[in-house]
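Enquirer: Here you go, this is work-v9.cif (mmCIF, C-alpha atoms and all ligand atoms).
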data_work
#
loop_
_atom_site.label_atom_id
_atom_site.label_comp_id
_atom_site.auth_asym_id
_atom_site.auth_seq_id
_atom_site.Cartn_x
_atom_site.Cartn_y
_atom_site.Cartn_z
CA MET A 1 -6.97 26.95 11.59
CA ILE A 2 -7.00 30.14 13.59
CA HIS A 3 -8.96 31.33 16.62
CA GLY A 4 -9.84 34.66 18.18
CA GLY A 5 -10.66 33.51 21.68
CA ALA A 6 -13.30 31.71 23.72
CA GLY A 7 -16.07 33.36 25.71
CA SER A 8 -19.52 34.82 25.42
CA PHE A 9 -20.70 36.90 22.48
CA ARG A 10 -24.34 37.32 23.37
CA LYS A 11 -24.31 41.10 23.39
CA PHE A 12 -22.53 41.53 20.07
CA SER A 13 -24.62 43.02 17.27
CA PRO A 14 -24.71 41.20 13.91
CA GLU A 15 -22.46 43.98 12.49
CA GLU A 16 -19.90 43.49 15.25
CA LYS A 17 -19.95 39.73 14.75
CA ASN A 18 -19.37 40.26 11.03
CA LYS A 19 -16.31 42.39 11.78
CA PHE A 20 -14.75 39.51 13.69
CA LEU A 21 -15.68 36.91 11.09
CA SER A 22 -14.32 39.08 8.25
CA ALA A 23 -11.03 39.54 10.10
CA ILE A 24 -10.76 35.78 10.64
CA ASP A 25 -11.58 35.05 6.97
CA ARG A 26 -9.09 37.63 5.69
CA ILE A 27 -6.25 36.33 7.87
CA LEU A 28 -7.08 32.70 7.04
CA GLY A 29 -6.96 33.58 3.33
CA ASP A 30 -3.49 35.10 3.81
CA GLY A 31 -2.36 31.99 5.69
CA ARG A 32 -3.69 29.71 2.94
CA ASP A 33 -1.97 31.75 0.20
CA CYS A 34 1.28 31.71 2.11
CA LEU A 35 1.13 27.90 2.45
CA ALA A 36 0.12 27.51 -1.21
CA GLY A 37 3.19 29.59 -2.12
CA GLY A 38 5.39 26.98 -0.44
CA ALA A 39 5.76 28.52 3.03
CA SER A 40 6.27 26.22 5.99
CA ALA A 41 3.69 25.64 8.72
CA ILE A 42 5.81 27.64 11.18
CA GLU A 43 5.90 30.60 8.77
CA ALA A 44 2.14 30.39 8.28
CA VAL A 45 1.28 30.37 11.99
CA ALA A 46 3.70 33.26 12.66
CA LEU A 47 2.10 35.24 9.83
CA CYS A 48 -1.48 34.61 11.00
CA VAL A 49 -0.83 35.26 14.67
CA GLY A 50 1.16 38.39 13.77
CA ALA A 51 -1.82 39.69 11.77
CA LEU A 52 -4.20 38.91 14.65
CA GLU A 53 -1.86 40.74 17.04
CA ASP A 54 -1.96 43.82 14.79
CA ASP A 55 -5.77 43.91 14.80
CA VAL A 56 -7.25 45.84 17.75
CA LEU A 57 -10.26 43.52 17.73
CA PHE A 58 -8.24 40.82 19.46
CA ASN A 59 -6.65 40.42 22.88
CA ALA A 60 -3.06 40.06 21.74
CA GLY A 61 -0.41 42.51 20.58
CA ARG A 62 -2.03 45.88 19.95
CA GLY A 63 -5.44 45.00 21.45
CA SER A 64 -4.05 43.36 24.61
CA VAL A 65 -6.17 43.75 27.74
CA LEU A 66 -4.81 45.53 30.82
CA ASN A 67 -3.56 44.17 34.10
CA GLU A 68 -4.52 45.54 37.54
CA ASN A 69 -2.00 48.40 37.11
CA LYS A 70 -3.28 49.51 33.69
CA GLN A 71 -0.33 47.86 32.00
CA VAL A 72 -0.09 45.53 29.03
CA GLU A 73 1.83 42.31 29.78
CA MET A 74 1.80 39.91 26.85
CA ASP A 75 2.50 36.18 26.55
CA ALA A 76 3.18 34.17 23.37
CA ALA A 77 4.49 30.80 22.22
CA ILE A 78 5.25 29.05 18.96
CA MET A 79 6.22 25.45 18.23
CA ASN A 80 7.49 23.56 15.20
CA GLY A 81 6.04 20.04 15.00
CA ALA A 82 8.77 18.84 12.64
CA THR A 83 11.63 19.52 15.05
CA LEU A 84 9.93 20.18 18.42
CA GLU A 85 11.74 23.54 18.43
CA ALA A 86 9.73 25.91 20.60
CA GLY A 87 9.97 29.51 21.71
CA ALA A 88 7.98 31.49 24.26
CA VAL A 89 7.92 34.87 25.97
CA ALA A 90 5.94 35.93 29.04
CA GLY A 91 5.12 39.26 30.65
CA VAL A 92 6.56 41.32 27.78
CA GLN A 93 5.71 44.98 27.28
CA GLY A 94 5.96 47.27 24.29
CA ILE A 95 6.61 44.46 21.80
CA LYS A 96 4.57 44.92 18.62
CA ASN A 97 4.42 41.20 17.82
CA PRO A 98 5.20 38.90 20.75
CA VAL A 99 4.87 35.90 18.41
CA SER A 100 7.84 37.21 16.37
CA LEU A 101 9.92 37.40 19.52
CA ALA A 102 8.84 33.85 20.47
CA LEU A 103 9.91 32.72 16.98
CA MET A 104 13.32 34.37 17.44
CA VAL A 105 13.69 32.59 20.78
CA SER A 106 12.97 29.25 19.09
CA GLN A 107 15.28 29.86 16.13
CA LYS A 108 18.16 31.92 17.52
CA SER A 109 18.57 31.17 21.21
CA GLU A 110 19.41 27.82 22.71
CA HIS A 111 16.55 28.28 25.19
CA VAL A 112 12.77 27.91 25.04
CA MET A 113 11.34 30.64 27.24
CA PHE A 114 12.20 34.20 28.28
CA VAL A 115 10.30 36.47 30.66
CA GLY A 116 10.06 40.20 31.40
CA GLU A 117 13.22 42.26 31.14
CA GLY A 118 15.41 39.51 29.70
CA ALA A 119 12.88 38.95 26.94
CA MET A 120 12.84 42.69 26.23
CA ARG A 121 16.65 42.74 25.92
CA LEU A 122 16.41 39.89 23.46
CA ALA A 123 13.90 41.90 21.43
CA GLU A 124 16.48 44.68 21.13
CA ARG A 125 19.22 42.24 20.20
CA TYR A 126 17.11 40.57 17.50
CA GLY A 127 15.65 43.85 16.21
CA VAL A 128 12.03 42.91 17.02
CA ALA A 129 9.76 45.96 16.60
CA GLN A 130 8.79 47.85 19.76
CA MET A 131 5.98 50.35 20.21
CA PRO A 132 5.22 53.13 22.72
CA ASP A 133 2.42 52.81 25.33
CA GLU A 134 0.00 54.85 23.17
CA TYR A 135 0.04 52.09 20.56
CA PHE A 136 -1.53 49.68 23.05
CA LEU A 137 -3.66 51.81 25.38
CA SER A 138 -7.20 52.83 24.41
CA GLU A 139 -10.26 54.28 26.14
CA ALA A 140 -12.13 51.03 25.53
CA LEU A 141 -9.44 48.94 27.28
CA LEU A 142 -9.31 51.34 30.26
CA ALA A 143 -13.12 51.24 30.56
CA GLN A 144 -13.06 47.44 30.37
CA LEU A 145 -10.50 47.34 33.19
CA GLU A 146 -12.57 49.76 35.31
CA ARG A 147 -15.61 47.48 34.97
CA ALA A 148 -13.58 44.44 36.03
CA ILE A 149 -12.06 46.33 39.00
CA GLU A 150 -15.49 47.59 40.12
CA ALA A 151 -16.85 44.05 39.97
CA GLY A 152 -13.76 42.75 41.76
CA LYS A 153 -13.12 40.20 39.02
CA MET A 154 -10.44 38.93 36.70
CA THR A 155 -12.22 38.17 33.43
CA LEU A 156 -11.73 36.77 29.97
CA ASP A 157 -11.46 39.68 27.55
CA HIS A 158 -14.64 38.75 25.71
CA ASP A 159 -16.67 37.75 28.74
CA GLY A 160 -16.41 41.22 30.22
CA VAL A 161 -18.22 41.93 33.44
CA ASP A 162 -21.39 42.68 31.50
CA GLN A 163 -21.11 39.40 29.64
CA GLY A 164 -20.14 39.87 26.06
CA ASP A 165 -19.97 43.64 25.75
CA ASP A 166 -16.26 43.65 25.09
CA LYS A 167 -14.15 42.78 22.09
CA LEU A 168 -12.83 39.31 21.40
CA GLY A 169 -9.92 37.46 22.85
CA THR A 170 -6.67 35.62 22.75
CA VAL A 171 -5.47 34.40 19.38
CA GLY A 172 -3.89 31.27 17.99
CA ALA A 173 -3.08 29.39 14.80
CA VAL A 174 -2.28 25.83 13.79
CA ALA A 175 -1.05 24.86 10.32
CA TRP A 176 -0.22 21.72 8.33
CA ASP A 177 1.95 22.43 5.31
CA CYS A 178 2.66 20.75 1.96
CA GLN A 179 5.52 18.74 3.52
CA GLY A 180 3.12 17.36 6.15
CA ASP A 181 4.73 19.46 8.90
CA LEU A 182 2.63 20.88 11.74
CA ALA A 183 3.11 24.09 13.75
CA ALA A 184 1.13 25.98 16.38
CA ALA A 185 1.26 29.43 17.97
CA THR A 186 -0.72 31.27 20.67
CA SER A 187 -0.57 34.92 21.75
CA THR A 188 -2.44 36.92 24.39
CA GLY A 189 -2.66 39.95 26.62
CA GLY A 190 -4.02 37.50 29.23
CA MET A 191 -6.96 38.17 31.52
CA VAL A 192 -8.53 41.57 32.20
CA ASN A 193 -7.43 42.89 35.64
CA LYS A 194 -4.88 40.09 36.10
CA ARG A 195 -2.30 40.55 38.85
CA GLN A 196 0.96 42.08 37.70
CA GLY A 197 3.35 39.26 36.83
CA ARG A 198 0.63 36.65 36.39
CA VAL A 199 1.41 34.31 33.49
CA GLY A 200 -1.32 32.26 31.85
CA ASP A 201 -1.29 29.12 29.77
CA SER A 202 -0.64 30.72 26.37
CA PRO A 203 3.19 30.84 26.56
CA LEU A 204 3.52 27.48 28.29
CA ILE A 205 4.52 24.77 25.86
CA GLY A 206 2.16 21.85 26.45
CA ALA A 207 -0.55 23.93 28.14
CA GLY A 208 -1.50 26.69 25.66
CA CYS A 209 0.42 25.54 22.62
CA TYR A 210 1.86 22.30 21.29
CA ALA A 211 2.92 20.77 17.96
CA ASP A 212 4.41 17.43 17.04
CA ASN A 213 4.24 15.88 13.56
CA GLU A 214 3.61 12.50 15.18
CA SER A 215 0.37 13.67 16.79
CA CYS A 216 -1.09 17.15 16.22
CA GLY A 217 -0.84 20.91 16.62
CA VAL A 218 -3.01 22.61 19.28
CA SER A 219 -3.69 26.21 20.37
CA THR A 220 -5.90 26.87 23.40
CA THR A 221 -7.83 29.81 24.86
CA GLY A 222 -9.79 30.37 28.04
CA TYR A 223 -9.06 30.59 31.77
CA GLY A 224 -5.35 29.88 31.61
CA GLU A 225 -5.11 28.30 35.05
CA ASP A 226 -7.47 25.50 33.93
CA PHE A 227 -5.26 24.70 30.93
CA ILE A 228 -2.05 24.83 32.96
CA ARG A 229 -3.42 22.38 35.53
CA THR A 230 -4.43 19.90 32.84
CA VAL A 231 -1.46 20.57 30.48
CA LEU A 232 -4.21 20.38 27.93
CA ALA A 233 -2.43 20.86 24.59
CA LYS A 234 0.05 18.08 25.31
CA THR A 235 -2.64 15.89 26.84
CA ILE A 236 -4.56 16.06 23.55
CA ALA A 237 -1.37 15.23 21.62
CA ASP A 238 -0.82 12.24 23.91
CA PHE A 239 -4.36 10.97 23.25
CA ILE A 240 -3.47 10.89 19.54
CA GLU A 241 0.00 9.44 19.87
CA MET A 242 -0.79 6.85 22.50
CA LYS A 243 -4.36 5.89 21.61
CA GLY A 244 -4.15 6.41 17.82
CA LEU A 245 -7.20 8.71 17.82
CA ASP A 246 -8.25 10.99 14.96
CA ALA A 247 -8.65 14.76 15.42
CA SER A 248 -12.33 14.90 16.27
CA THR A 249 -12.19 11.98 18.73
CA ALA A 250 -9.07 13.44 20.40
CA ALA A 251 -10.79 16.84 20.62
CA GLN A 252 -13.76 15.21 22.36
CA TYR A 253 -11.44 13.35 24.77
CA GLY A 254 -9.59 16.63 25.40
CA ILE A 255 -12.66 18.67 26.26
CA ASP A 256 -14.06 15.85 28.42
CA TYR A 257 -10.73 15.71 30.29
CA LEU A 258 -10.71 19.50 30.83
CA THR A 259 -14.26 19.36 32.16
CA ARG A 260 -13.87 16.27 34.32
CA LYS A 261 -10.59 17.30 35.94
CA VAL A 262 -11.07 21.03 36.58
CA LYS A 263 -14.44 22.09 35.09
CA GLY A 264 -12.24 24.06 32.69
CA ARG A 265 -13.55 27.15 30.89
CA GLY A 266 -12.33 27.68 27.34
CA GLY A 267 -11.57 25.81 24.17
CA PHE A 268 -8.99 24.92 21.53
CA ILE A 269 -8.32 24.38 17.85
CA MET A 270 -6.26 21.49 16.50
CA ILE A 271 -5.00 19.81 13.35
CA ASP A 272 -3.90 16.19 13.49
CA ARG A 273 -1.03 14.43 11.66
CA THR A 274 -3.30 13.67 8.68
CA GLY A 275 -4.35 17.32 8.27
CA ALA A 276 -7.83 16.88 9.82
CA CYS A 277 -9.13 19.93 11.74
CA ALA A 278 -11.15 19.90 14.97
CA SER A 279 -12.14 22.24 17.78
CA GLN A 280 -14.03 22.06 21.07
CA PHE A 281 -15.04 24.51 23.81
CA THR A 282 -16.93 24.68 27.09
CA THR A 283 -17.66 28.44 26.88
CA PRO A 284 -20.75 29.62 24.98
CA CYS A 285 -18.58 30.38 21.92
CA LEU A 286 -15.15 29.98 20.37
CA LEU A 287 -14.37 32.30 17.46
CA ARG A 288 -12.53 30.14 14.94
CA GLY A 289 -11.94 29.49 11.28
CA TRP A 290 -10.30 26.93 9.06
CA VAL A 291 -9.21 26.20 5.51
CA GLU A 292 -8.97 22.58 4.45
CA LYS A 293 -7.02 21.47 1.36
CA GLY A 294 -6.56 25.04 0.10
CA GLY A 295 -10.33 25.72 -0.08
CA GLN A 296 -12.35 28.74 1.04
CA PRO A 297 -12.04 30.08 4.59
CA MET A 298 -14.84 28.93 6.92
CA SER A 299 -15.42 30.78 10.17
CA CYS A 300 -17.92 30.75 13.04
CA PHE A 301 -18.45 31.48 16.73
N1 LIG B 401 -5.70 31.83 28.14
C1 LIG B 401 -5.46 33.24 28.31
C2 LIG B 401 -4.85 33.46 29.69
O1 LIG B 401 -5.28 32.84 30.64
C3 LIG B 401 -6.69 34.09 28.16
C4 LIG B 401 -7.58 33.81 26.97
O2 LIG B 401 -7.46 32.77 26.33
O3 LIG B 401 -8.43 34.64 26.63
O4 LIG B 401 -4.00 34.30 29.82
#
Rewrite the structure from the file as structure tokens, please.

Expert:
Amino acid sequence: MIHGGAGSFRKFSPEEKNKFLSAIDRILGDGRDCLAGGASAIEAVALCVGALEDDVLFNAGRGSVLNENKQVEMDAAIMNGATLEAGAVAGVQGIKNPVSLALMVSQKSEHVMFVGEGAMRLAERYGVAQMPDEYFLSEALLAQLERAIEAGKMTLDHDGVDQGDDKLGTVGAVAWDCQGDLAAATSTGGMVNKRQGRVGDSPLIGAGCYADNESCGVSTTGYGEDFIRTVLAKTIADFIEMKGLDASTAAQYGIDYLTRKVKGRGGFIMIDRTGACASQFTTPCLLRGWVEKGGQPMSCF
């Protein structure tokens, strides 16, 4: 399963919506082929999130939204459900694929999370690709920031101030491979007009991303503060592990919990330990897609 963010899409034309759905289908197809070729779940989620980061349609990597100082500060996390190895980076700049850096953290360092300058040094040490400012900045992103500043708001990328006139959001992937192993990854530029140094839920293991073969893999999107307060990804995993729920029941419990506790705004995708997919959201839409048992990609808002 992959997602391209939660929010409102009311003002998107049918052509624009098709662009997003085609991108989701294409990337899902690549993820399916990679799993069919024997790749692991962790390889599949890194591949899919990397491709989403490279696509300017999405608020991650190249298409990351801007903070209050017109800067890109990206967050990403990845987790292996077979081993509980996890890696995360927060507030990184100039990194082409933050998910690749998060993967390096999980596989090569003895730590789980790096922020800012230390994370950037690690990128150099591990040879993770870096890009100049021009790669990230665009007129559309600057205009989006101006609208948010004028309205005095911090917004979801795809909510925009004019509700739905901006491109889509944060990205994530969850995979279940031929060995029955689960993995999850999430990557984002965060919220439009966020304060410099603000970190959302996406790189926080248990809030924006979680995977454990004994329960499920989860990737979330939405107002990060709501997901941090409810530790939502891990809460959903706990519903499965402790109550023995299936994916769709756990997803319902998860969204009810998010709503009841904090009136949370956003959604998530998940795959449980039997390979069943589910998703839920409280926003008008969640752009998502899935492939079950090697079939055709399905995608919707
Ligand atoms: N959850 C992300 C954050 O708060 C934003 C998003 O999902 O669009 O940084």

Enquirer: So, with all atoms listed in the file as the atoms that count, which of A:Asn193, A:Asn80, A:Asn18, A:Gln179 lies closest to ligand LIG 401 (chain B)?

Expert: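 Among the listed residues, the smallest separation from ligand LIG 401 (chain B) belongs to A:Asn193.
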
Enquirer: CA of Gln296 in chain A and CA of Gly37 in chain A, how far apart in Å?

Expert: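 Going from CA of Gly37 in chain A over to CA of Gln296 in chain A covers 15.9 Å.
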
Enquirer: Between A:Met113, A:Met79, A:Leu103, A:Leu66, which is the closest to Gly217 in chain A once you count all atoms listed in the file?

Expert: A:Met79

Enquirer: Could you pull the residues within 8 Å of Met104 in chain A, counting only C-alpha atoms, minus those fewer than 5 positions along the same chain, as a list in words?

Expert: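 Close residues of Met104 in chain A: Gly87, Ser109 and Tyr126 of chain A.
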
Enquirer: Given only C-alpha atoms as the basis, pick out the residue of A:Gln196, A:Ser40, A:Thr235, A:Thr249 nearest to Glu73 in chain A.

Expert: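 Counting only C-alpha atoms, the residue closest to Glu73 in chain A is A:Gln196.
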
Enquirer: List the spatial neighbours of Val65 in chain A as a PyMOL selection string - criterion: any atom at most 12 Å away, all atoms listed in the file, same-chain residues fewer than 4 positions off excluded.

Expert: chain A and resi 53+56-61+69-75+93+136-146+148+154-158+160+166-170+188-194

Enquirer: Can I get the selection written as a short mmCIF file (atom, residue, chain, number, x, y, z; two decimals), in the frame of the given file, with C-alpha atoms?

Expert:
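Wrote part-v7.cif, looks like this:
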data_model
loop_
_atom_site.label_atom_id
_atom_site.label_comp_id
_atom_site.auth_asym_id
_atom_site.auth_seq_id
_atom_site.Cartn_x
_atom_site.Cartn_y
_atom_site.Cartn_z
CA GLU A 53 -1.86 40.74 17.04
CA VAL A 56 -7.25 45.84 17.75
CA LEU A 57 -10.26 43.52 17.73
CA PHE A 58 -8.24 40.82 19.46
CA ASN A 59 -6.65 40.42 22.88
CA ALA A 60 -3.06 40.06 21.74
CA GLY A 61 -0.41 42.51 20.58
CA ASN A 69 -2.00 48.40 37.11
CA LYS A 70 -3.28 49.51 33.69
CA GLN A 71 -0.33 47.86 32.00
CA VAL A 72 -0.09 45.53 29.03
CA GLU A 73 1.83 42.31 29.78
CA MET A 74 1.80 39.91 26.85
CA ASP A 75 2.50 36.18 26.55
CA GLN A 93 5.71 44.98 27.28
CA PHE A 136 -1.53 49.68 23.05
CA LEU A 137 -3.66 51.81 25.38
CA SER A 138 -7.20 52.83 24.41
CA GLU A 139 -10.26 54.28 26.14
CA ALA A 140 -12.13 51.03 25.53
CA LEU A 141 -9.44 48.94 27.28
CA LEU A 142 -9.31 51.34 30.26
CA ALA A 143 -13.12 51.24 30.56
CA GLN A 144 -13.06 47.44 30.37
CA LEU A 145 -10.50 47.34 33.19
CA GLU A 146 -12.57 49.76 35.31
CA ALA A 148 -13.58 44.44 36.03
CA MET A 154 -10.44 38.93 36.70
CA THR A 155 -12.22 38.17 33.43
CA LEU A 156 -11.73 36.77 29.97
CA ASP A 157 -11.46 39.68 27.55
CA HIS A 158 -14.64 38.75 25.71
CA GLY A 160 -16.41 41.22 30.22
CA ASP A 166 -16.26 43.65 25.09
CA LYS A 167 -14.15 42.78 22.09
CA LEU A 168 -12.83 39.31 21.40
CA GLY A 169 -9.92 37.46 22.85
CA THR A 170 -6.67 35.62 22.75
CA THR A 188 -2.44 36.92 24.39
CA GLY A 189 -2.66 39.95 26.62
CA GLY A 190 -4.02 37.50 29.23
CA MET A 191 -6.96 38.17 31.52
CA VAL A 192 -8.53 41.57 32.20
CA ASN A 193 -7.43 42.89 35.64
CA LYS A 194 -4.88 40.09 36.10
#

Enquirer: When you draw a straight line from CA of Gly152 in chain A to CA of Glu68 in chain A, how long is it in Å?

Expert: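 Answer for the CA of Gly152 in chain A to CA of Glu68 in chain A separation: 10.5 Å.
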
Enquirer: Can you work out which one of A:His111, A:Arg198, A:Lys96, A:Arg32 has the shortest atom-to-atom distance to ligand LIG 401 (chain B), counting all atoms listed in the file?

Expert: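 When distances to ligand LIG 401 (chain B) are compared using all atoms listed in the file, the smallest one comes from A:Arg198.
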
Enquirer: Pick out the closest residue to ligand LIG 401 (chain B) from this set: A:Ile205, A:Ile24, A:Ile2, A:Val171. Count all atoms listed in the file.

Expert: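 When distances to ligand LIG 401 (chain B) are compared using all atoms listed in the file, the smallest one comes from A:Val171.
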
Enquirer: Measuring atom to atom with all atoms listed in the file, identify which of A:Val89, A:Ile271, A:Val199, A:Ala41 is nearest to ligand LIG 401 (chain B).

Expert: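 Selected residue with least distance to ligand LIG 401 (chain B): A:Val199.
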
Enquirer: Would you list the contacts of range 260-264 of chain A as a list in words, taking every protein, DNA or RNA residue within 8 Å and counting all atoms listed in the file, but skipping same-chain residues closer than 2 positions in sequence?

Expert: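 Contacts, in chain order: Tyr223, Asp226, Phe227, Arg229, Thr230, Asp256, Tyr257, Leu258, Gly266 and Thr282 of chain A.
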
Enquirer: Using all atoms listed in the file, determine which residues lie at most 12 Å from Lys293 in chain A, disregarding the query and same-chain residues fewer than 6 positions distant; provide the list as a compact mmCIF listing (two decimals) with C-alpha atoms, in the frame of the given file.

Expert:
# COMPACT_ATOMS: atom_id res chain seq x y z
CA MET A 1 -6.97 26.95 11.59
CA ARG A 32 -3.69 29.71 2.94
CA ASP A 33 -1.97 31.75 0.20
CA LEU A 35 1.13 27.90 2.45
CA ALA A 36 0.12 27.51 -1.21
CA ALA A 175 -1.05 24.86 10.32
CA TRP A 176 -0.22 21.72 8.33
CA ASP A 177 1.95 22.43 5.31
CA CYS A 178 2.66 20.75 1.96
CA GLY A 180 3.12 17.36 6.15
CA THR A 274 -3.30 13.67 8.68
CA GLY A 275 -4.35 17.32 8.27
CA ALA A 276 -7.83 16.88 9.82
CA CYS A 277 -9.13 19.93 11.74

Enquirer: What is the CA of Tyr210 in chain A to CA of Lys234 in chain A distance in Å?

Expert: 6.1 Å

Enquirer: Produce the centre coordinates and the three edge lengths, each in Å to one decimal, of the box along x, y and z that contains all listed atoms of ligand LIG 401 (chain B) with 3 Å added on each side, as lines of an AutoDock Vina configuration file.

Expert:
center_x = -6.2
center_y = 33.2
center_z = 28.5
size_x = 10.4
size_y = 8.8
size_z = 10.3

Enquirer: Quick one: residues within 12 Å of Glu241 in chain A, all atoms listed in the file counted, chain neighbours fewer than 6 positions away excluded, as a PyMOL selection string?

Expert: chain A and resi 211-217+234-235+247+250+272-273
